[in-house]
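Shown next: structure-v7.cif, containing mmCIF, C-alpha atoms and all ligand atoms.
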```cif
data_structure
#
loop_
_atom_site.label_atom_id
_atom_site.label_comp_id
_atom_site.auth_asym_id
_atom_site.auth_seq_id
_atom_site.Cartn_x
_atom_site.Cartn_y
_atom_site.Cartn_z
CA MET A 229 -1.36 38.45 -114.54
CA LYS A 230 -4.61 37.35 -116.15
CA LYS A 231 -5.69 33.83 -115.23
CA GLY A 232 -8.78 31.90 -116.27
CA PHE A 233 -11.14 30.87 -113.48
CA ILE A 234 -13.54 28.17 -114.68
CA PHE A 235 -16.55 27.32 -112.55
CA ASP A 236 -18.66 24.20 -112.69
CA LEU A 237 -22.33 25.09 -112.10
CA ASP A 238 -24.32 22.34 -110.37
CA GLY A 239 -23.10 21.94 -106.79
CA VAL A 240 -20.51 24.71 -107.12
CA ILE A 241 -22.40 27.92 -107.89
CA VAL A 242 -25.89 26.70 -107.04
CA ASP A 243 -27.23 23.82 -105.01
CA THR A 244 -28.90 22.07 -107.94
CA ALA A 245 -27.12 18.76 -107.21
CA LYS A 246 -29.98 17.98 -104.81
CA TYR A 247 -32.56 18.46 -107.61
CA HIS A 248 -30.66 16.18 -110.00
CA PHE A 249 -30.54 13.59 -107.21
CA LEU A 250 -34.30 13.79 -106.54
CA ALA A 251 -35.17 13.45 -110.23
CA TRP A 252 -32.78 10.51 -110.82
CA GLN A 253 -34.01 8.82 -107.64
CA ASN A 254 -37.64 9.03 -108.82
CA LEU A 255 -36.68 7.70 -112.24
CA ALA A 256 -34.70 4.79 -110.76
CA SER A 257 -37.50 3.84 -108.40
CA SER A 258 -40.04 3.88 -111.27
CA LEU A 259 -37.83 1.20 -112.87
CA GLY A 260 -37.52 -0.76 -109.61
CA ILE A 261 -33.80 0.12 -109.38
CA SER A 262 -32.37 1.11 -106.00
CA PHE A 263 -30.26 4.26 -106.09
CA SER A 264 -27.99 5.35 -103.24
CA GLU A 265 -26.28 8.64 -102.38
CA GLU A 266 -22.96 6.94 -103.15
CA GLN A 267 -24.12 6.07 -106.65
CA ASN A 268 -25.39 9.63 -107.03
CA GLU A 269 -21.87 10.86 -106.27
CA GLN A 270 -20.72 9.03 -109.42
CA LEU A 271 -23.33 10.87 -111.51
CA LYS A 272 -22.17 14.33 -110.49
CA GLY A 273 -20.63 16.16 -113.42
CA VAL A 274 -21.70 13.35 -115.76
CA SER A 275 -23.95 14.08 -118.78
CA ARG A 276 -27.65 13.28 -118.78
CA VAL A 277 -27.27 10.42 -121.28
CA ARG A 278 -24.33 8.83 -119.46
CA SER A 279 -26.15 9.17 -116.12
CA LEU A 280 -29.15 7.17 -117.36
CA GLU A 281 -26.85 4.57 -118.92
CA LYS A 282 -25.12 4.13 -115.56
CA ILE A 283 -28.40 3.78 -113.63
CA LEU A 284 -29.56 1.11 -116.10
CA GLU A 285 -26.21 -0.70 -115.75
CA TRP A 286 -26.49 -0.68 -111.94
CA GLY A 287 -30.02 -2.08 -112.22
CA ASN A 288 -29.01 -4.66 -114.85
CA THR A 289 -31.86 -3.28 -116.93
CA SER A 290 -32.02 -2.88 -120.68
CA ILE A 291 -34.66 -0.81 -122.45
CA SER A 292 -35.42 0.29 -126.01
CA GLN A 293 -33.98 3.51 -127.43
CA GLU A 294 -37.50 4.93 -127.49
CA GLU A 295 -37.99 4.21 -123.78
CA PHE A 296 -34.52 5.63 -123.05
CA ASN A 297 -35.43 8.91 -124.76
CA ARG A 298 -38.77 9.04 -122.97
CA LEU A 299 -37.11 8.59 -119.57
CA MET A 300 -34.52 11.29 -120.28
CA THR A 301 -37.27 13.72 -121.22
CA GLU A 302 -39.28 12.80 -118.13
CA LYS A 303 -36.27 13.28 -115.85
CA ASN A 304 -35.54 16.66 -117.35
CA GLU A 305 -39.17 17.77 -117.09
CA GLU A 306 -39.14 16.99 -113.37
CA TYR A 307 -35.79 18.79 -112.97
CA LEU A 308 -37.14 21.84 -114.83
CA VAL A 309 -40.02 22.09 -112.35
CA TYR A 310 -37.51 22.26 -109.49
CA ILE A 311 -35.32 24.86 -111.18
CA SER A 312 -38.26 27.01 -112.29
CA LYS A 313 -38.67 27.94 -108.62
CA MET A 314 -35.06 29.00 -108.16
CA ASP A 315 -33.89 32.50 -107.34
CA ALA A 316 -30.70 34.21 -106.17
CA THR A 317 -31.11 32.79 -102.66
CA GLU A 318 -29.91 29.44 -104.06
CA ILE A 319 -26.48 30.75 -104.94
CA LEU A 320 -24.08 28.91 -102.66
CA GLN A 321 -22.48 30.81 -99.79
CA GLY A 322 -19.37 32.78 -100.62
CA VAL A 323 -19.76 32.49 -104.41
CA PRO A 324 -20.78 36.13 -105.10
CA GLU A 325 -17.84 37.41 -103.05
CA VAL A 326 -15.33 35.28 -105.00
CA LEU A 327 -16.86 36.24 -108.37
CA ASN A 328 -16.85 39.93 -107.45
CA TYR A 329 -13.22 39.77 -106.32
CA LEU A 330 -12.18 38.05 -109.57
CA LYS A 331 -13.99 40.75 -111.56
CA LEU A 332 -12.25 43.44 -109.50
CA LYS A 333 -8.92 41.79 -110.29
CA GLU A 334 -9.86 41.65 -114.02
CA GLN A 335 -9.48 37.89 -114.27
CA GLY A 336 -11.07 35.70 -116.94
CA ILE A 337 -14.25 34.03 -115.68
CA ALA A 338 -15.86 31.07 -117.44
CA LEU A 339 -18.59 28.54 -116.79
CA GLY A 340 -17.69 24.92 -117.59
CA SER A 341 -20.77 22.80 -117.03
CA ALA A 342 -22.11 19.52 -118.42
CA SER A 343 -25.65 20.82 -118.10
CA LYS A 344 -27.88 21.73 -121.02
CA ASN A 345 -29.91 23.79 -118.54
CA ALA A 346 -26.97 25.97 -117.48
CA ARG A 347 -28.12 29.21 -119.12
CA ILE A 348 -31.65 28.91 -117.72
CA ILE A 349 -30.22 28.43 -114.21
CA LEU A 350 -27.79 31.36 -114.49
CA GLU A 351 -30.68 33.57 -115.59
CA LYS A 352 -32.87 32.40 -112.70
CA VAL A 353 -30.19 33.37 -110.17
CA HIS A 354 -29.17 36.52 -112.11
CA LEU A 355 -25.54 35.53 -112.63
CA GLN A 356 -25.43 35.33 -116.44
CA ASN A 357 -23.52 38.62 -116.73
CA MET A 358 -20.70 37.51 -114.42
CA PHE A 359 -19.23 35.11 -117.01
CA ASP A 360 -17.05 36.14 -119.93
CA VAL A 361 -17.54 32.71 -121.46
CA ILE A 362 -20.15 29.98 -121.04
CA VAL A 363 -19.37 26.42 -122.09
CA ASP A 364 -22.18 24.00 -121.26
CA GLY A 365 -23.81 20.72 -122.26
CA THR A 366 -25.11 22.26 -125.47
CA ASN A 367 -21.61 22.79 -126.88
CA VAL A 368 -19.51 19.85 -125.73
CA SER A 369 -19.47 16.37 -127.20
CA LYS A 370 -17.45 14.51 -124.56
CA ALA A 371 -18.61 14.27 -120.95
CA LYS A 372 -16.36 14.89 -117.91
CA PRO A 373 -13.92 13.28 -116.95
CA ASP A 374 -12.95 14.17 -120.53
CA PRO A 375 -11.30 17.62 -120.34
CA GLU A 376 -13.14 19.00 -123.41
CA VAL A 377 -15.46 21.38 -121.51
CA PHE A 378 -12.56 23.04 -119.67
CA VAL A 379 -10.21 23.06 -122.67
CA ASN A 380 -12.94 24.83 -124.66
CA GLY A 381 -13.44 27.29 -121.80
CA ALA A 382 -9.72 28.15 -121.76
CA GLN A 383 -9.69 28.52 -125.53
CA GLU A 384 -12.68 30.87 -125.52
CA LEU A 385 -11.09 32.90 -122.72
CA ASN A 386 -7.94 32.94 -124.82
CA ILE A 387 -5.90 31.80 -121.81
CA SER A 388 -3.53 28.82 -121.78
CA PRO A 389 -4.86 25.75 -119.85
CA LYS A 390 -1.92 25.88 -117.42
CA ASP A 391 -3.06 29.37 -116.43
CA CYS A 392 -6.58 28.16 -115.64
CA ILE A 393 -8.09 27.21 -112.31
CA VAL A 394 -11.18 25.00 -112.08
CA PHE A 395 -13.73 24.90 -109.25
CA GLU A 396 -15.54 21.55 -109.13
CA ASP A 397 -17.70 19.49 -106.76
CA SER A 398 -17.49 16.19 -108.67
CA VAL A 399 -14.85 13.49 -108.99
CA ALA A 400 -15.36 13.45 -112.78
CA GLY A 401 -14.87 17.22 -112.92
CA ILE A 402 -11.66 17.16 -110.86
CA GLN A 403 -10.31 14.44 -113.14
CA ALA A 404 -11.27 16.53 -116.18
CA ALA A 405 -9.48 19.60 -114.79
CA ASN A 406 -6.37 17.55 -113.98
CA ALA A 407 -6.41 16.01 -117.45
CA ALA A 408 -6.61 19.53 -118.92
CA ASP A 409 -3.42 20.44 -116.96
CA MET A 410 -5.30 23.05 -114.93
CA ILE A 411 -5.23 23.72 -111.20
CA SER A 412 -8.16 21.80 -109.69
CA ILE A 413 -10.03 23.07 -106.65
CA GLY A 414 -12.51 20.71 -105.06
CA ILE A 415 -15.54 22.19 -103.32
CA GLY A 416 -16.96 19.63 -100.92
CA ASP A 417 -15.88 16.48 -99.13
CA ALA A 418 -12.09 15.97 -99.03
CA THR A 419 -12.38 12.18 -98.86
CA ILE A 420 -14.36 12.16 -102.12
CA LEU A 421 -12.42 14.91 -103.93
CA HIS A 422 -8.91 13.83 -102.85
CA GLU A 423 -7.54 14.03 -106.42
CA ALA A 424 -7.92 17.85 -106.36
CA ASP A 425 -4.91 20.18 -105.93
CA TYR A 426 -6.81 22.08 -103.21
CA ILE A 427 -10.05 21.28 -101.37
CA PHE A 428 -12.44 23.57 -99.49
CA ASN A 429 -15.76 22.82 -97.83
CA ASP A 430 -17.29 25.86 -99.49
CA PHE A 431 -16.46 29.25 -100.99
CA THR A 432 -16.55 31.07 -97.64
CA GLU A 433 -13.21 29.34 -96.92
CA ILE A 434 -11.63 30.85 -100.05
CA LYS A 435 -9.95 34.06 -98.95
CA GLU A 436 -8.61 36.93 -101.06
CA GLU A 437 -5.00 36.01 -100.16
CA PHE A 438 -5.51 32.57 -101.66
CA ILE A 439 -6.97 34.04 -104.86
CA ASN A 440 -4.04 36.47 -105.08
CA GLN A 441 -1.70 33.49 -104.75
CA LEU A 442 -3.51 31.71 -107.61
CA ILE A 443 -3.27 34.83 -109.78
CA THR A 444 0.47 35.24 -109.26
CA THR A 445 1.62 31.59 -109.19
CA ILE A 446 3.19 30.25 -112.36
CA LYS A 447 2.55 26.55 -112.92
C1 LIG A 501 -23.94 18.25 -114.36
C2 LIG A 501 -24.57 17.59 -113.17
O1 LIG A 501 -23.55 19.54 -114.03
O2 LIG A 501 -24.87 18.31 -115.44
C3 LIG A 501 -25.12 16.22 -113.54
O3 LIG A 501 -23.61 17.45 -112.15
C4 LIG A 501 -26.09 16.35 -114.72
O4 LIG A 501 -25.78 15.67 -112.42
C5 LIG A 501 -25.38 17.05 -115.89
O5 LIG A 501 -26.54 15.09 -115.15
C6 LIG A 501 -26.29 17.27 -117.07
O6 LIG A 501 -27.28 18.20 -116.71
P1 LIG A 501 -28.61 18.49 -117.51
O7 LIG A 501 -29.17 19.71 -116.81
O8 LIG A 501 -28.24 18.77 -118.92
O9 LIG A 501 -29.48 17.29 -117.38
MG MG A 502 -21.10 19.86 -110.30
#
```

Take the structure from the file and write it as C-alpha cells.
Amino acid sequence: MKKGFIFDLDGVIVDTAKYHFLAWQNLASSLGISFSEEQNEQLKGVSRVRSLEKILEWGNTSISQEEFNRLMTEKNEEYLVYISKMDATEILQGVPEVLNYLKLKEQGIALGSASKNARIILEKVHLQNMFDVIVDGTNVSKAKPDPEVFVNGAQELNISPKDCIVFEDSVAGIQAANAADMISIGIGDATILHEADYIFNDFTEIKEEFINQLITTIK
C-alpha cells in the first residue's frame, strides 16, 4: 500500500532548531526581553511572524509595524548566516536510512515545514531530491497547529490524510497532524510531545519493522 510520509524540517531532518533559538534569543535580548528554553519550545513549528508576536507578548512590548518588519528581517539575516555554513553532516542521525527505506518501499514522501527557508536548507544538505512534494512557509497561509501544511502535503501527494504519517518535533506540529487526522510521530522529548500517537528520541530508534507496520496498517 502507498502511504504518505510527511516530514517537518527544522528539528526533524536537520538540527536547525538550535539556530532559530540563537537568533530569537539575540532578538529578545536586544529588546530587553528574557527568553527561556521553555518559551522557545512554544515557538517550534510556529511561523516567523507569530513567533515575534509571541516574544513581544511575553515581554509586554508593543512596537510599530515598521519596527516589527525590521526585526523580522534582522532575525532572518542572522539565521541565514548560520544556515549558510550547513552541510550534509547536519542531517540528524537515522534520517537518511529512513528516507532511503521509504524510497525503496515506493512510499510518498513530502516535506511539511513552516519555514520560508526550507528549500535553501534542503539544498545545503543535498536532500532536495528525496521529496516528491515540498510544502513550506512560502505556500501556506495558516501556521501550525492549523493542519493546512499537512493537508496540502497529502493533497499534493494525492494520498488521503488518514493514510499519511507525520514526523514532528514540535507540540504545534503534533497538534496540526492530529487535527489533519494523520498518524503523528513525535521526535524528541516524550513529556513535551505526549499528544503524539508514537514518540521516539530520534530516527535511529525507528526500525524497518515499524515502518512496515505503518505501511500496512489501515486507520
Ligand atoms: C519552523 C521552525 O520550522 O519554521 C520555527 O520550527 C520557525 O522555529 C518557522 O520560526 C519559520 O521559519 P523561517 O525559516 O521561515 O523563519
Ligand atoms: Mg520542527

Query raised in the report: Which is closer to ligand LIG 501 (chain A) than all the others in A:Arg347, A:Lys230, A:Lys331, A:Lys352, using all atoms listed in the file?
Result: A:Arg347

Query raised in the report: Which chains and residue numbers are within 10 Å of ligand LIG 501 (chain A), counting only C-alpha atoms and all ligand atoms, if I want them as a ChimeraX atom specification?
Result: /A:236-240,244-249,251-252,268-280,300-301,303-305,307-308,311,340-349,364-366,371-372,396-398,400-401

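Near A:Val394, within 8 Å and counting all atoms listed in the file, sit Phe233, Ile234, Phe235, Asp236, Phe378, Ile402, Ala405, Met410, Ile411, Ser412 and Ile413 of chain A; same-chain residues fewer than 4 positions away were not included.
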
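Using all atoms listed in the file, the smallest distance between any of A:Ala424, A:Ser262, A:Phe395, A:Thr419 and ligand MG 502 (chain A) comes from A:Phe395.
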
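Across the structure, atom CA of A:Ile283 and atom CA of A:Glu265 are spaced 12.4 Å apart.
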
How would stretch 230-248 of chain A of the given structure read as a file with N, CA, C and O atoms, as a compact mmCIF listing (two decimals), in the first residue's frame?
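Output below, filename result.txt:
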```
# COMPACT_ATOMS: atom_id res chain seq x y z
N LYS A 230 0.40 2.30 -0.70
CA LYS A 230 1.19 3.53 -0.72
C LYS A 230 0.66 4.51 0.32
O LYS A 230 -0.49 4.93 0.26
N LYS A 231 1.54 4.84 1.27
CA LYS A 231 1.19 5.83 2.29
C LYS A 231 1.97 7.12 2.04
O LYS A 231 2.94 7.12 1.27
N GLY A 232 1.54 8.18 2.70
CA GLY A 232 2.25 9.45 2.58
C GLY A 232 3.02 9.72 3.87
O GLY A 232 2.43 9.74 4.95
N PHE A 233 4.31 9.88 3.75
CA PHE A 233 5.14 10.18 4.92
C PHE A 233 5.55 11.65 4.84
O PHE A 233 6.25 12.05 3.89
N ILE A 234 5.07 12.45 5.79
CA ILE A 234 5.31 13.89 5.73
C ILE A 234 6.27 14.29 6.86
O ILE A 234 6.01 14.02 8.03
N PHE A 235 7.37 14.89 6.46
CA PHE A 235 8.41 15.26 7.42
C PHE A 235 8.41 16.76 7.66
O PHE A 235 8.44 17.55 6.71
N ASP A 236 8.42 17.13 8.94
CA ASP A 236 8.77 18.50 9.29
C ASP A 236 10.27 18.64 9.00
O ASP A 236 10.97 17.63 8.84
N LEU A 237 10.78 19.86 8.91
CA LEU A 237 12.20 20.04 8.59
C LEU A 237 13.04 20.37 9.83
O LEU A 237 13.85 19.57 10.28
N ASP A 238 12.78 21.58 10.38
CA ASP A 238 13.61 22.06 11.49
C ASP A 238 13.43 21.19 12.73
O ASP A 238 12.33 21.05 13.25
N GLY A 239 14.51 20.57 13.17
CA GLY A 239 14.46 19.74 14.37
C GLY A 239 14.04 18.31 14.10
O GLY A 239 14.02 17.48 15.02
N VAL A 240 13.72 18.00 12.84
CA VAL A 240 13.35 16.62 12.49
C VAL A 240 14.38 16.06 11.50
O VAL A 240 14.96 15.00 11.72
N ILE A 241 14.61 16.80 10.42
CA ILE A 241 15.57 16.35 9.41
C ILE A 241 16.95 16.93 9.69
O ILE A 241 17.97 16.27 9.56
N VAL A 242 16.95 18.19 10.10
CA VAL A 242 18.21 18.87 10.42
C VAL A 242 18.08 19.59 11.76
O VAL A 242 16.99 19.96 12.17
N ASP A 243 19.24 19.82 12.37
CA ASP A 243 19.24 20.41 13.71
C ASP A 243 19.24 21.94 13.66
O ASP A 243 20.05 22.59 14.31
N THR A 244 18.33 22.49 12.87
CA THR A 244 18.28 23.96 12.75
C THR A 244 17.52 24.62 13.90
O THR A 244 17.57 25.84 14.04
N ALA A 245 16.83 23.80 14.73
CA ALA A 245 16.08 24.38 15.86
C ALA A 245 17.03 25.21 16.74
O ALA A 245 16.66 26.28 17.23
N LYS A 246 18.28 24.77 16.85
CA LYS A 246 19.25 25.49 17.69
C LYS A 246 19.58 26.87 17.08
O LYS A 246 19.83 27.82 17.79
N TYR A 247 19.58 26.96 15.75
CA TYR A 247 19.88 28.25 15.10
C TYR A 247 18.71 29.23 15.25
O TYR A 247 18.91 30.42 15.47
N HIS A 248 17.47 28.69 15.13
CA HIS A 248 16.30 29.56 15.36
C HIS A 248 16.36 30.09 16.79
O HIS A 248 16.14 31.27 17.02
```
